[in-house]
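Structure, as structure tokens:
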Amino acid sequence: MALIEVQVPDIGDFDEVAVIELLVKVGDTVKAEQSLITVESDKASMEIPSSTAGVVKEMRVALGDKVKQGSVVLVVEAAGAAAPVAAPAVAAAVVAAAPAPVAAAPAAAATSGPVNIHVPDIGDFKDVAVIEVFVKPGDTIKVEQSLITVESDKASMEIPSSHAGVLKELKVKVGDKVNIGDLLAVLEGTVSATVAPVAAAPVAAAVAAPAAVAAPTAVAVVAAPAHAPGAPTLGLPHASPSVRKFARELGVPLEEVKGNGLKGRITVDDVQAFTKAVMSGAAQTKAQAAKAPAASGGDGAGLGLIPWPKVDFAKFGPIERKEMGRIKKISGANLLRNAIMIPAVTNHDDCDITDLEAFRVSTNKENEKSGVKVTMLAFLIKACVAALKKYPEFNSSLDGDALVYKNYWHIGFAADTPNGLMVPVIRDCDKKGVLQISAEMSELAKKARDGKLGPAEMTGATFTISSLGGIGGKYFTPIINAPEVAILGVCKSTMEPVWNGKEFVPRLMLPLSLTWDHRVIDGAAAARFNAYLGQILGDFRRVLL
Ligand code: CAO
């Protein structure tokens, strides 16, 4: 059995390219043309194949080494008696190519008008996938600026522009398959005189790989780096083509894999470790995480919780199973997200509405004929607008690290409907009187119960009130309706003995529960808000102040 030194073949006009991956180790049995190492220039990564089959006896390169044509990669004990494909001969297999790209050559003189950019000669690759698009319509493109990256099984390469100009139309998108000569883009060309010499220089090196002879599986050459592999643009993960292919086959989202290779490069081991972690439940893909807490049937895995208990209820007695309605499913997913994502705190308080209730009753008597019944909720809405104006952070929303203060006061109210909870919104409550708010509320509540609310009637709220006053209860902890930052829960008012400094007097007390987002509001502000709200409800004339 002969010991064969496998050398780096002609890899185009690359010199001193870094070894960034070792794909085999001593003791491995390799086939002819199996990839042995990955090397990388500043624009392309390529795998160097074995010129012979056999068992790896010795590695002659290590990660980080610089290699060039003729460098010995490893020593193989050739399988069988067949003469190996001699390493030096490999060089002959590679035809570093021809200078002229297939793309239309620009004229040396300055011209303008639409210019078609085609895929140049990229060797004998067929149907290579577009995996990155670097430009968009409107961009000003320089000659040789990379437009897209394409990828075969073994190599990724950037396709440069043969012309300068403004990109009018992009004819490909990520995922498309392209071939030599395909139209990539249309430029509104303003080809300057400087273009000509650049265009005459090589923009792609074609690789001919005769079947019997191992050849580097791809060479891509572009000048003027648009991005270095060490710093991938547009979030493209840093990985060799074979690793990308491997990840694609497994359905692994490469952008979520942490690379432990050289310069943070993602290796096969990284992809395998990620897959194992996901399969064992120790990690989760972003897609899984997004699904689990949002779905009402989420099992908690996204939060690292133990699975939801699965119980065969029929074992314990008769059961009936009913699918939840659409509204319940949608509101369930929203409530779950809001409950989990908002650090919410609830302050409970009581306020004296004795006088306000008397006023409400007398108002309703006076307005009996109008058909509009004034409810406590309408007063609460008006009182809340006053409190929101005094404490504007309660009328805000978080937008990243910024707080958006809204100079409008649209109040949502929770309505119990046969189909589930809905939140109609009364707009511009600061500009409306209690009678108008009452009329709109009763109309919106009816629409909600009849399932006739339009999307515009359920959006844009800046604060929400959830009233269980007509039903009962003392306090509860409402869930904030994101992206709002607070919600007021109201329960049933009851007559209670209240100490006035001299004696206990019967007063009608309304229980309030204010839930607030602790990222935006602090406890003292919440207590002040409730206290101010109580003052207004205790003496509604304060609304006018
Ligand atoms: N204390 C004591 N009584 C109250 C009260 C309170 N805080 N609020 C209302 N009431 C009384 C009303 O005066 C009315 O009594 P009369 O019939 O004698 O006049 C009765 O309760 C019924 O009121 P209502 O419910 O018809 O009117 P409303 O304005 O209070 O509420 C609406 C309207 C749409 C909010 C309500 O019908 C509703 O759907 N509430 C449920 C909201 C809900 O589900 N919240 C929970 C969300 S979290 O799951």
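Following the order of the structure tokens, first chain is A, next is B, and so on, with residues numbered from 1 inside each chain and ligands from 1 in the order they appear.
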Close residues to ligand 1 using only C-alpha atoms and all ligand atoms, limit 7 Å, as a list of chain:residue names |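 After applying the 7 Å limit, what remains is A:Thr375, A:Met376, A:Leu377, A:Ala378, A:Phe413, A:Ala414, A:Ala415, A:Asp416, A:Thr417, A:Leu421, A:Ala445, A:Ser466, A:Ser467, A:Leu468, A:Gly469, A:Gly470, A:Ile471, A:Pro478, A:Val490, A:Cys491, A:Lys492, A:Ser493, A:Thr494, A:Leu510.
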Now that the selection is made, can you save its residues with all heavy atoms as a short mmCIF file (atom, residue, chain, number, x, y, z; two decimals), in the first residue's frame?
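Just written: result02.cif:
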```cif
data_model
loop_
_atom_site.label_atom_id
_atom_site.label_comp_id
_atom_site.auth_asym_id
_atom_site.auth_seq_id
_atom_site.Cartn_x
_atom_site.Cartn_y
_atom_site.Cartn_z
N THR A 375 -73.83 54.92 33.30
CA THR A 375 -73.32 53.86 34.18
C THR A 375 -72.10 54.38 34.95
O THR A 375 -71.47 55.37 34.56
CB THR A 375 -72.90 52.62 33.35
OG1 THR A 375 -71.76 52.98 32.60
CG2 THR A 375 -74.01 52.16 32.42
N MET A 376 -71.80 53.67 36.02
CA MET A 376 -70.63 54.05 36.83
C MET A 376 -69.36 54.00 35.97
O MET A 376 -68.43 54.79 36.15
CB MET A 376 -70.52 53.09 38.02
CG MET A 376 -69.44 53.44 39.01
SD MET A 376 -69.47 55.16 39.56
CE MET A 376 -70.94 55.22 40.57
N LEU A 377 -69.35 53.06 35.01
CA LEU A 377 -68.17 52.90 34.17
C LEU A 377 -67.87 54.18 33.36
O LEU A 377 -66.71 54.53 33.16
CB LEU A 377 -68.39 51.70 33.23
CG LEU A 377 -67.19 51.17 32.46
CD1 LEU A 377 -65.97 50.99 33.35
CD2 LEU A 377 -67.54 49.87 31.78
N ALA A 378 -68.94 54.87 32.93
CA ALA A 378 -68.72 56.11 32.16
C ALA A 378 -68.04 57.16 33.03
O ALA A 378 -67.14 57.87 32.58
CB ALA A 378 -70.05 56.62 31.63
N PHE A 413 -62.62 49.24 27.12
CA PHE A 413 -63.30 48.61 28.27
C PHE A 413 -63.59 47.15 27.94
O PHE A 413 -63.99 46.81 26.83
CB PHE A 413 -64.58 49.37 28.66
CG PHE A 413 -65.67 49.36 27.62
CD1 PHE A 413 -66.72 48.45 27.69
CD2 PHE A 413 -65.66 50.26 26.57
CE1 PHE A 413 -67.73 48.43 26.74
CE2 PHE A 413 -66.67 50.25 25.60
CZ PHE A 413 -67.70 49.34 25.68
N ALA A 414 -63.31 46.30 28.93
CA ALA A 414 -63.51 44.86 28.73
C ALA A 414 -65.00 44.58 28.68
O ALA A 414 -65.75 45.04 29.54
CB ALA A 414 -62.84 44.09 29.86
N ALA A 415 -65.41 43.85 27.67
CA ALA A 415 -66.82 43.49 27.56
C ALA A 415 -66.93 41.97 27.50
O ALA A 415 -66.21 41.30 26.75
CB ALA A 415 -67.42 44.10 26.30
N ASP A 416 -67.81 41.49 28.34
CA ASP A 416 -68.04 40.05 28.42
C ASP A 416 -69.03 39.69 27.31
O ASP A 416 -70.14 40.23 27.29
CB ASP A 416 -68.65 39.80 29.81
CG ASP A 416 -68.91 38.35 30.07
OD1 ASP A 416 -68.17 37.52 29.52
OD2 ASP A 416 -69.84 38.05 30.84
N THR A 417 -68.66 38.84 26.37
CA THR A 417 -69.58 38.49 25.29
C THR A 417 -69.73 36.97 25.25
O THR A 417 -68.89 36.25 25.80
CB THR A 417 -69.05 38.98 23.92
OG1 THR A 417 -68.09 38.04 23.43
CG2 THR A 417 -68.44 40.36 23.98
N LEU A 421 -64.02 37.35 25.81
CA LEU A 421 -63.70 38.73 26.20
C LEU A 421 -63.31 39.58 24.98
O LEU A 421 -62.50 39.18 24.17
CB LEU A 421 -62.51 38.66 27.17
CG LEU A 421 -61.95 39.97 27.68
CD1 LEU A 421 -62.96 40.67 28.58
CD2 LEU A 421 -60.66 39.71 28.45
N ALA A 445 -70.83 47.93 23.40
CA ALA A 445 -71.01 46.67 24.15
C ALA A 445 -72.00 45.78 23.41
O ALA A 445 -71.82 44.57 23.32
CB ALA A 445 -71.50 46.97 25.56
N SER A 466 -61.43 47.34 33.20
CA SER A 466 -62.18 46.09 33.23
C SER A 466 -63.10 46.13 34.43
O SER A 466 -62.64 46.14 35.58
CB SER A 466 -61.19 44.92 33.34
OG SER A 466 -61.91 43.72 33.48
N SER A 467 -64.40 46.23 34.18
CA SER A 467 -65.34 46.38 35.29
C SER A 467 -66.15 45.12 35.53
O SER A 467 -66.83 44.62 34.62
CB SER A 467 -66.29 47.55 35.00
OG SER A 467 -67.30 47.56 36.00
N LEU A 468 -66.04 44.60 36.70
CA LEU A 468 -66.88 43.47 37.11
C LEU A 468 -67.93 43.95 38.10
O LEU A 468 -68.56 43.15 38.80
CB LEU A 468 -66.00 42.38 37.75
CG LEU A 468 -65.00 41.71 36.78
CD1 LEU A 468 -64.05 40.80 37.54
CD2 LEU A 468 -65.73 40.92 35.71
N GLY A 469 -68.10 45.28 38.12
CA GLY A 469 -69.00 45.90 39.10
C GLY A 469 -70.43 45.41 39.01
O GLY A 469 -71.12 45.32 40.03
N GLY A 470 -70.87 45.09 37.80
CA GLY A 470 -72.25 44.61 37.64
C GLY A 470 -72.40 43.17 38.09
O GLY A 470 -73.52 42.66 38.17
N ILE A 471 -71.31 42.53 38.38
CA ILE A 471 -71.36 41.09 38.70
C ILE A 471 -71.04 40.84 40.18
O ILE A 471 -71.81 40.19 40.87
CB ILE A 471 -70.38 40.30 37.78
CG1 ILE A 471 -70.71 40.61 36.31
CG2 ILE A 471 -70.47 38.81 38.06
CD1 ILE A 471 -69.68 40.14 35.31
N PRO A 478 -56.27 42.44 37.03
CA PRO A 478 -56.41 42.40 35.57
C PRO A 478 -55.05 42.33 34.87
O PRO A 478 -54.04 42.78 35.42
CB PRO A 478 -57.13 43.70 35.25
CG PRO A 478 -56.93 44.59 36.42
CD PRO A 478 -56.69 43.73 37.60
N VAL A 490 -62.20 47.08 38.26
CA VAL A 490 -63.20 47.64 39.18
C VAL A 490 -64.15 46.54 39.59
O VAL A 490 -64.62 45.78 38.75
CB VAL A 490 -64.00 48.77 38.48
CG1 VAL A 490 -64.99 49.40 39.44
CG2 VAL A 490 -63.06 49.81 37.90
N CYS A 491 -64.43 46.47 40.89
CA CYS A 491 -65.40 45.45 41.34
C CYS A 491 -66.65 46.13 41.90
O CYS A 491 -66.84 47.34 41.74
CB CYS A 491 -64.75 44.51 42.34
SG CYS A 491 -63.73 43.28 41.51
N LYS A 492 -67.48 45.34 42.52
CA LYS A 492 -68.80 45.83 42.93
C LYS A 492 -68.68 46.72 44.17
O LYS A 492 -68.02 46.36 45.14
CB LYS A 492 -69.69 44.63 43.24
CG LYS A 492 -71.16 44.94 43.39
CD LYS A 492 -71.92 43.63 43.59
CE LYS A 492 -73.40 43.88 43.81
NZ LYS A 492 -74.07 44.40 42.62
N SER A 493 -69.33 47.86 44.10
CA SER A 493 -69.31 48.75 45.26
C SER A 493 -70.25 48.22 46.33
O SER A 493 -71.29 47.61 46.01
CB SER A 493 -69.72 50.17 44.84
OG SER A 493 -70.98 50.13 44.21
N THR A 494 -69.86 48.41 47.55
CA THR A 494 -70.71 47.95 48.67
C THR A 494 -70.74 49.03 49.75
O THR A 494 -69.79 49.82 49.88
CB THR A 494 -70.13 46.65 49.30
OG1 THR A 494 -68.75 46.85 49.55
CG2 THR A 494 -70.34 45.45 48.40
N LEU A 510 -66.05 51.75 46.47
CA LEU A 510 -65.77 51.05 45.20
C LEU A 510 -64.34 50.48 45.24
O LEU A 510 -63.37 51.22 45.42
CB LEU A 510 -65.88 52.06 44.04
CG LEU A 510 -65.61 51.50 42.65
CD1 LEU A 510 -66.75 50.60 42.19
CD2 LEU A 510 -65.44 52.65 41.63
#
```
Any idea what's packed within 12 Å of Arg326 (chain A), counting only C-alpha atoms, ignoring anything in its chain fewer than 5 positions away? Could you give it as a list in words?
->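 What passes the distance filter is Ser296, Ser331, Gly332, Ala333, Pro418, Asn419, Gly420, Leu421, Met422 and Gly451 of chain A.
Neighbouring residues of region 176-183 of chain A at 8 Å or closer, counting only C-alpha atoms and skipping chain neighbours under 4 positions away, are Val102, Ala103, Asn116, Ile117, His118, Val119, Pro120, Asp121, Ile122, Phe125, Lys126, Asp127, Val128, Ala129, Val130, Lys171 and Val172 of chain A.
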Spatial neighbours of region 511-528 of chain A, 8 Å, only C-alpha atoms, chain gap at least 5 places, as number ranges by chain | A: 342-351, 391, 393-394, 398, 403, 474-480, 485-493
Just write the chosen residues, N, CA and C atoms, as a PDB file, in the first residue's frame.
```pdb
ATOM      1  N   ILE A 342     -44.860  40.959  30.852  1.00  0.00           N
ATOM      2  CA  ILE A 342     -44.892  42.247  31.553  1.00  0.00           C
ATOM      3  C   ILE A 342     -44.670  42.022  33.053  1.00  0.00           C
ATOM      4  N   PRO A 343     -43.663  42.693  33.616  1.00  0.00           N
ATOM      5  CA  PRO A 343     -43.511  42.611  35.071  1.00  0.00           C
ATOM      6  C   PRO A 343     -44.613  43.457  35.714  1.00  0.00           C
ATOM      7  N   ALA A 344     -45.728  42.830  35.950  1.00  0.00           N
ATOM      8  CA  ALA A 344     -46.915  43.577  36.366  1.00  0.00           C
ATOM      9  C   ALA A 344     -47.116  43.505  37.886  1.00  0.00           C
ATOM     10  N   VAL A 345     -47.574  44.607  38.432  1.00  0.00           N
ATOM     11  CA  VAL A 345     -47.875  44.691  39.864  1.00  0.00           C
ATOM     12  C   VAL A 345     -49.284  45.276  39.976  1.00  0.00           C
ATOM     13  N   THR A 346     -50.032  44.832  40.971  1.00  0.00           N
ATOM     14  CA  THR A 346     -51.384  45.380  41.134  1.00  0.00           C
ATOM     15  C   THR A 346     -51.514  46.068  42.498  1.00  0.00           C
ATOM     16  N   ASN A 347     -52.012  47.292  42.472  1.00  0.00           N
ATOM     17  CA  ASN A 347     -52.323  48.024  43.716  1.00  0.00           C
ATOM     18  C   ASN A 347     -53.837  48.012  43.923  1.00  0.00           C
ATOM     19  N   HIS A 348     -54.263  47.660  45.104  1.00  0.00           N
ATOM     20  CA  HIS A 348     -55.699  47.659  45.404  1.00  0.00           C
ATOM     21  C   HIS A 348     -56.026  48.860  46.282  1.00  0.00           C
ATOM     22  N   ASP A 349     -57.197  49.400  46.065  1.00  0.00           N
ATOM     23  CA  ASP A 349     -57.599  50.567  46.846  1.00  0.00           C
ATOM     24  C   ASP A 349     -59.133  50.617  46.875  1.00  0.00           C
ATOM     25  N   ASP A 350     -59.668  51.403  47.783  1.00  0.00           N
ATOM     26  CA  ASP A 350     -61.122  51.627  47.824  1.00  0.00           C
ATOM     27  C   ASP A 350     -61.364  53.114  47.677  1.00  0.00           C
ATOM     28  N   CYS A 351     -62.452  53.458  47.010  1.00  0.00           N
ATOM     29  CA  CYS A 351     -62.778  54.882  47.000  1.00  0.00           C
ATOM     30  C   CYS A 351     -64.269  55.079  47.271  1.00  0.00           C
ATOM     31  N   TYR A 391     -50.862  61.918  35.311  1.00  0.00           N
ATOM     32  CA  TYR A 391     -49.722  60.982  35.358  1.00  0.00           C
ATOM     33  C   TYR A 391     -49.531  60.381  33.960  1.00  0.00           C
ATOM     34  N   GLU A 393     -47.312  58.944  32.237  1.00  0.00           N
ATOM     35  CA  GLU A 393     -46.658  57.662  31.911  1.00  0.00           C
ATOM     36  C   GLU A 393     -47.661  56.509  31.886  1.00  0.00           C
ATOM     37  N   PHE A 394     -48.823  56.700  32.530  1.00  0.00           N
ATOM     38  CA  PHE A 394     -49.852  55.653  32.482  1.00  0.00           C
ATOM     39  C   PHE A 394     -50.529  55.609  31.115  1.00  0.00           C
ATOM     40  N   LEU A 398     -44.224  51.359  25.747  1.00  0.00           N
ATOM     41  CA  LEU A 398     -42.789  51.115  25.568  1.00  0.00           C
ATOM     42  C   LEU A 398     -42.503  50.830  24.103  1.00  0.00           C
ATOM     43  N   LEU A 403     -40.026  55.580  25.593  1.00  0.00           N
ATOM     44  CA  LEU A 403     -41.406  55.604  26.059  1.00  0.00           C
ATOM     45  C   LEU A 403     -42.177  56.539  25.125  1.00  0.00           C
ATOM     46  N   LYS A 474     -64.569  41.467  44.945  1.00  0.00           N
ATOM     47  CA  LYS A 474     -63.980  42.544  45.729  1.00  0.00           C
ATOM     48  C   LYS A 474     -62.778  43.147  44.976  1.00  0.00           C
ATOM     49  N   TYR A 475     -61.767  42.344  44.760  1.00  0.00           N
ATOM     50  CA  TYR A 475     -60.604  42.812  43.995  1.00  0.00           C
ATOM     51  C   TYR A 475     -60.182  41.723  43.029  1.00  0.00           C
ATOM     52  N   PHE A 476     -59.484  42.074  41.996  1.00  0.00           N
ATOM     53  CA  PHE A 476     -58.860  41.084  41.113  1.00  0.00           C
ATOM     54  C   PHE A 476     -57.630  41.723  40.469  1.00  0.00           C
ATOM     55  N   THR A 477     -56.869  40.921  39.770  1.00  0.00           N
ATOM     56  CA  THR A 477     -55.637  41.443  39.171  1.00  0.00           C
ATOM     57  C   THR A 477     -55.746  41.370  37.652  1.00  0.00           C
ATOM     58  N   PRO A 478     -56.265  42.438  37.031  1.00  0.00           N
ATOM     59  CA  PRO A 478     -56.407  42.398  35.573  1.00  0.00           C
ATOM     60  C   PRO A 478     -55.050  42.327  34.875  1.00  0.00           C
ATOM     61  N   ILE A 479     -55.059  41.768  33.687  1.00  0.00           N
ATOM     62  CA  ILE A 479     -53.824  41.640  32.897  1.00  0.00           C
ATOM     63  C   ILE A 479     -53.746  42.804  31.919  1.00  0.00           C
ATOM     64  N   ILE A 480     -52.588  43.434  31.887  1.00  0.00           N
ATOM     65  CA  ILE A 480     -52.406  44.623  31.028  1.00  0.00           C
ATOM     66  C   ILE A 480     -52.588  44.243  29.556  1.00  0.00           C
ATOM     67  N   VAL A 485     -49.723  50.234  29.289  1.00  0.00           N
ATOM     68  CA  VAL A 485     -48.840  49.958  30.428  1.00  0.00           C
ATOM     69  C   VAL A 485     -49.602  49.870  31.743  1.00  0.00           C
ATOM     70  N   ALA A 486     -50.917  50.025  31.683  1.00  0.00           N
ATOM     71  CA  ALA A 486     -51.686  49.899  32.920  1.00  0.00           C
ATOM     72  C   ALA A 486     -53.138  49.576  32.587  1.00  0.00           C
ATOM     73  N   ILE A 487     -53.811  49.002  33.551  1.00  0.00           N
ATOM     74  CA  ILE A 487     -55.226  48.661  33.387  1.00  0.00           C
ATOM     75  C   ILE A 487     -55.890  48.806  34.752  1.00  0.00           C
ATOM     76  N   LEU A 488     -57.131  49.290  34.743  1.00  0.00           N
ATOM     77  CA  LEU A 488     -57.856  49.440  36.017  1.00  0.00           C
ATOM     78  C   LEU A 488     -58.937  48.370  36.101  1.00  0.00           C
ATOM     79  N   GLY A 489     -58.909  47.608  37.159  1.00  0.00           N
ATOM     80  CA  GLY A 489     -59.973  46.637  37.437  1.00  0.00           C
ATOM     81  C   GLY A 489     -60.903  47.224  38.483  1.00  0.00           C
ATOM     82  N   VAL A 490     -62.203  47.078  38.260  1.00  0.00           N
ATOM     83  CA  VAL A 490     -63.196  47.644  39.180  1.00  0.00           C
ATOM     84  C   VAL A 490     -64.151  46.542  39.594  1.00  0.00           C
ATOM     85  N   CYS A 491     -64.432  46.466  40.890  1.00  0.00           N
ATOM     86  CA  CYS A 491     -65.402  45.454  41.338  1.00  0.00           C
ATOM     87  C   CYS A 491     -66.652  46.134  41.895  1.00  0.00           C
ATOM     88  N   LYS A 492     -67.482  45.340  42.516  1.00  0.00           N
ATOM     89  CA  LYS A 492     -68.802  45.834  42.929  1.00  0.00           C
ATOM     90  C   LYS A 492     -68.679  46.718  44.167  1.00  0.00           C
ATOM     91  N   SER A 493     -69.333  47.859  44.096  1.00  0.00           N
ATOM     92  CA  SER A 493     -69.306  48.755  45.258  1.00  0.00           C
ATOM     93  C   SER A 493     -70.253  48.216  46.330  1.00  0.00           C
TER      94      SER A 493
END
```
Work out how far CA of Glu256 (chain A) is from CA of Leu305 (chain A), in Å to one decimal.
->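 Taking CA of Leu305 (chain A) and CA of Glu256 (chain A), their separation equals 21.1 Å.
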Mind pulling up the distance from CA of Glu255 (chain A) to CA of Ala185 (chain A)?
->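 Going from CA of Ala185 (chain A) over to CA of Glu255 (chain A) covers 27.0 Å.
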Identify, with DSSP run on backbone atoms, the residues in region 258-429 of chain A assigned to helix (DSSP H, G or I), and express the list as a compact mmCIF listing (two decimals) with C-alpha atoms, in the first residue's frame.
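Dumped everything to part_2.txt:
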```
# COMPACT_ATOMS: atom_id res chain seq x y z
CA LEU A 262 -11.92 29.69 14.09
CA LYS A 263 -13.16 33.32 14.14
CA GLY A 264 -16.49 32.10 15.47
CA VAL A 268 -20.35 20.49 11.88
CA ASP A 269 -19.82 19.80 15.58
CA ASP A 270 -21.63 23.01 16.47
CA VAL A 271 -24.61 22.05 14.31
CA GLN A 272 -24.67 18.58 15.85
CA ALA A 273 -24.46 19.96 19.39
CA PHE A 274 -27.28 22.42 18.65
CA THR A 275 -29.43 19.62 17.22
CA LYS A 276 -28.79 17.44 20.27
CA ALA A 277 -29.64 20.27 22.63
CA VAL A 278 -32.92 20.97 20.81
CA MET A 279 -33.85 17.29 20.67
CA SER A 280 -33.16 16.78 24.38
CA LYS A 286 -36.54 30.78 18.07
CA ALA A 287 -39.45 29.41 16.04
CA GLN A 288 -40.29 26.94 18.81
CA ALA A 289 -39.95 29.61 21.47
CA ALA A 290 -42.24 31.95 19.55
CA LYS A 291 -44.84 29.23 19.21
CA ALA A 292 -44.87 27.74 22.67
CA PRO A 293 -45.91 30.62 24.88
CA ALA A 294 -48.20 32.17 22.27
CA ALA A 301 -41.20 24.26 27.09
CA GLY A 302 -40.39 27.68 25.67
CA LEU A 303 -39.99 28.98 29.19
CA PHE A 313 -59.97 13.18 32.78
CA ALA A 314 -62.36 10.45 31.60
CA LYS A 315 -60.65 8.14 34.05
CA ARG A 326 -61.65 31.73 17.75
CA ILE A 327 -61.93 34.80 20.01
CA LYS A 328 -61.03 32.84 23.12
CA LYS A 329 -58.02 31.37 21.36
CA ILE A 330 -56.83 34.76 20.16
CA SER A 331 -57.41 36.53 23.45
CA GLY A 332 -55.87 33.58 25.31
CA ALA A 333 -52.64 33.87 23.35
CA ASN A 334 -52.51 37.63 23.93
CA LEU A 335 -53.26 37.33 27.64
CA LEU A 336 -50.60 34.67 28.04
CA ARG A 337 -47.98 36.79 26.31
CA ASN A 338 -48.90 39.86 28.35
CA ALA A 339 -48.97 37.94 31.62
CA ILE A 340 -45.56 36.44 30.95
CA MET A 341 -43.75 39.35 29.41
CA THR A 354 -71.49 57.63 47.70
CA ASP A 355 -72.10 61.10 46.29
CA LEU A 356 -71.22 60.08 42.75
CA GLU A 357 -73.69 57.18 42.83
CA ALA A 358 -76.41 59.55 44.11
CA PHE A 359 -75.59 61.92 41.26
CA ARG A 360 -75.66 59.03 38.75
CA VAL A 361 -79.05 57.86 39.96
CA SER A 362 -80.53 61.36 39.81
CA THR A 363 -79.01 61.98 36.37
CA ASN A 364 -80.58 58.78 35.10
CA LYS A 365 -83.94 59.84 36.51
CA GLU A 366 -83.69 63.20 34.77
CA GLU A 368 -85.06 58.72 31.64
CA LYS A 369 -86.70 59.83 28.41
CA SER A 370 -83.43 60.16 26.51
CA MET A 376 -70.63 54.05 36.83
CA LEU A 377 -68.17 52.90 34.17
CA ALA A 378 -68.72 56.11 32.16
CA PHE A 379 -67.77 58.18 35.22
CA LEU A 380 -64.78 55.94 35.76
CA ILE A 381 -63.63 56.53 32.19
CA LYS A 382 -63.85 60.28 32.64
CA ALA A 383 -62.06 60.10 36.01
CA CYS A 384 -59.32 57.92 34.51
CA VAL A 385 -58.70 60.43 31.71
CA ALA A 386 -58.11 63.10 34.37
CA ALA A 387 -55.68 60.78 36.22
CA LEU A 388 -53.94 59.81 32.97
CA LYS A 389 -53.44 63.47 32.15
CA LYS A 390 -51.96 64.09 35.58
CA PRO A 392 -48.89 60.73 31.62
CA GLU A 393 -46.66 57.66 31.91
CA PHE A 394 -49.85 55.65 32.48
CA ASN A 395 -50.94 56.74 29.00
CA CYS A 429 -62.72 60.43 25.91
```
Selected residue, from A:Gln145, A:Thr267, A:Asn481, A:Ser35, that lies nearest to Thr459 (chain A) when counting only C-alpha atoms = A:Asn481
Any chance you could list, as a VMD selection string, the residues in region 354-433 of chain A that come up strand (DSSP E) when DSSP is run on the backbone?
-> chain A and resid 396 to 399 402 to 405 411 to 413 415 to 417 420 to 422 425 to 426
To one decimal place, how far is CA of Asp15 (chain A) from CA of Ser71 (chain A) in Å?
->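 Separation between CA of Asp15 (chain A) and CA of Ser71 (chain A): 10.8 Å.
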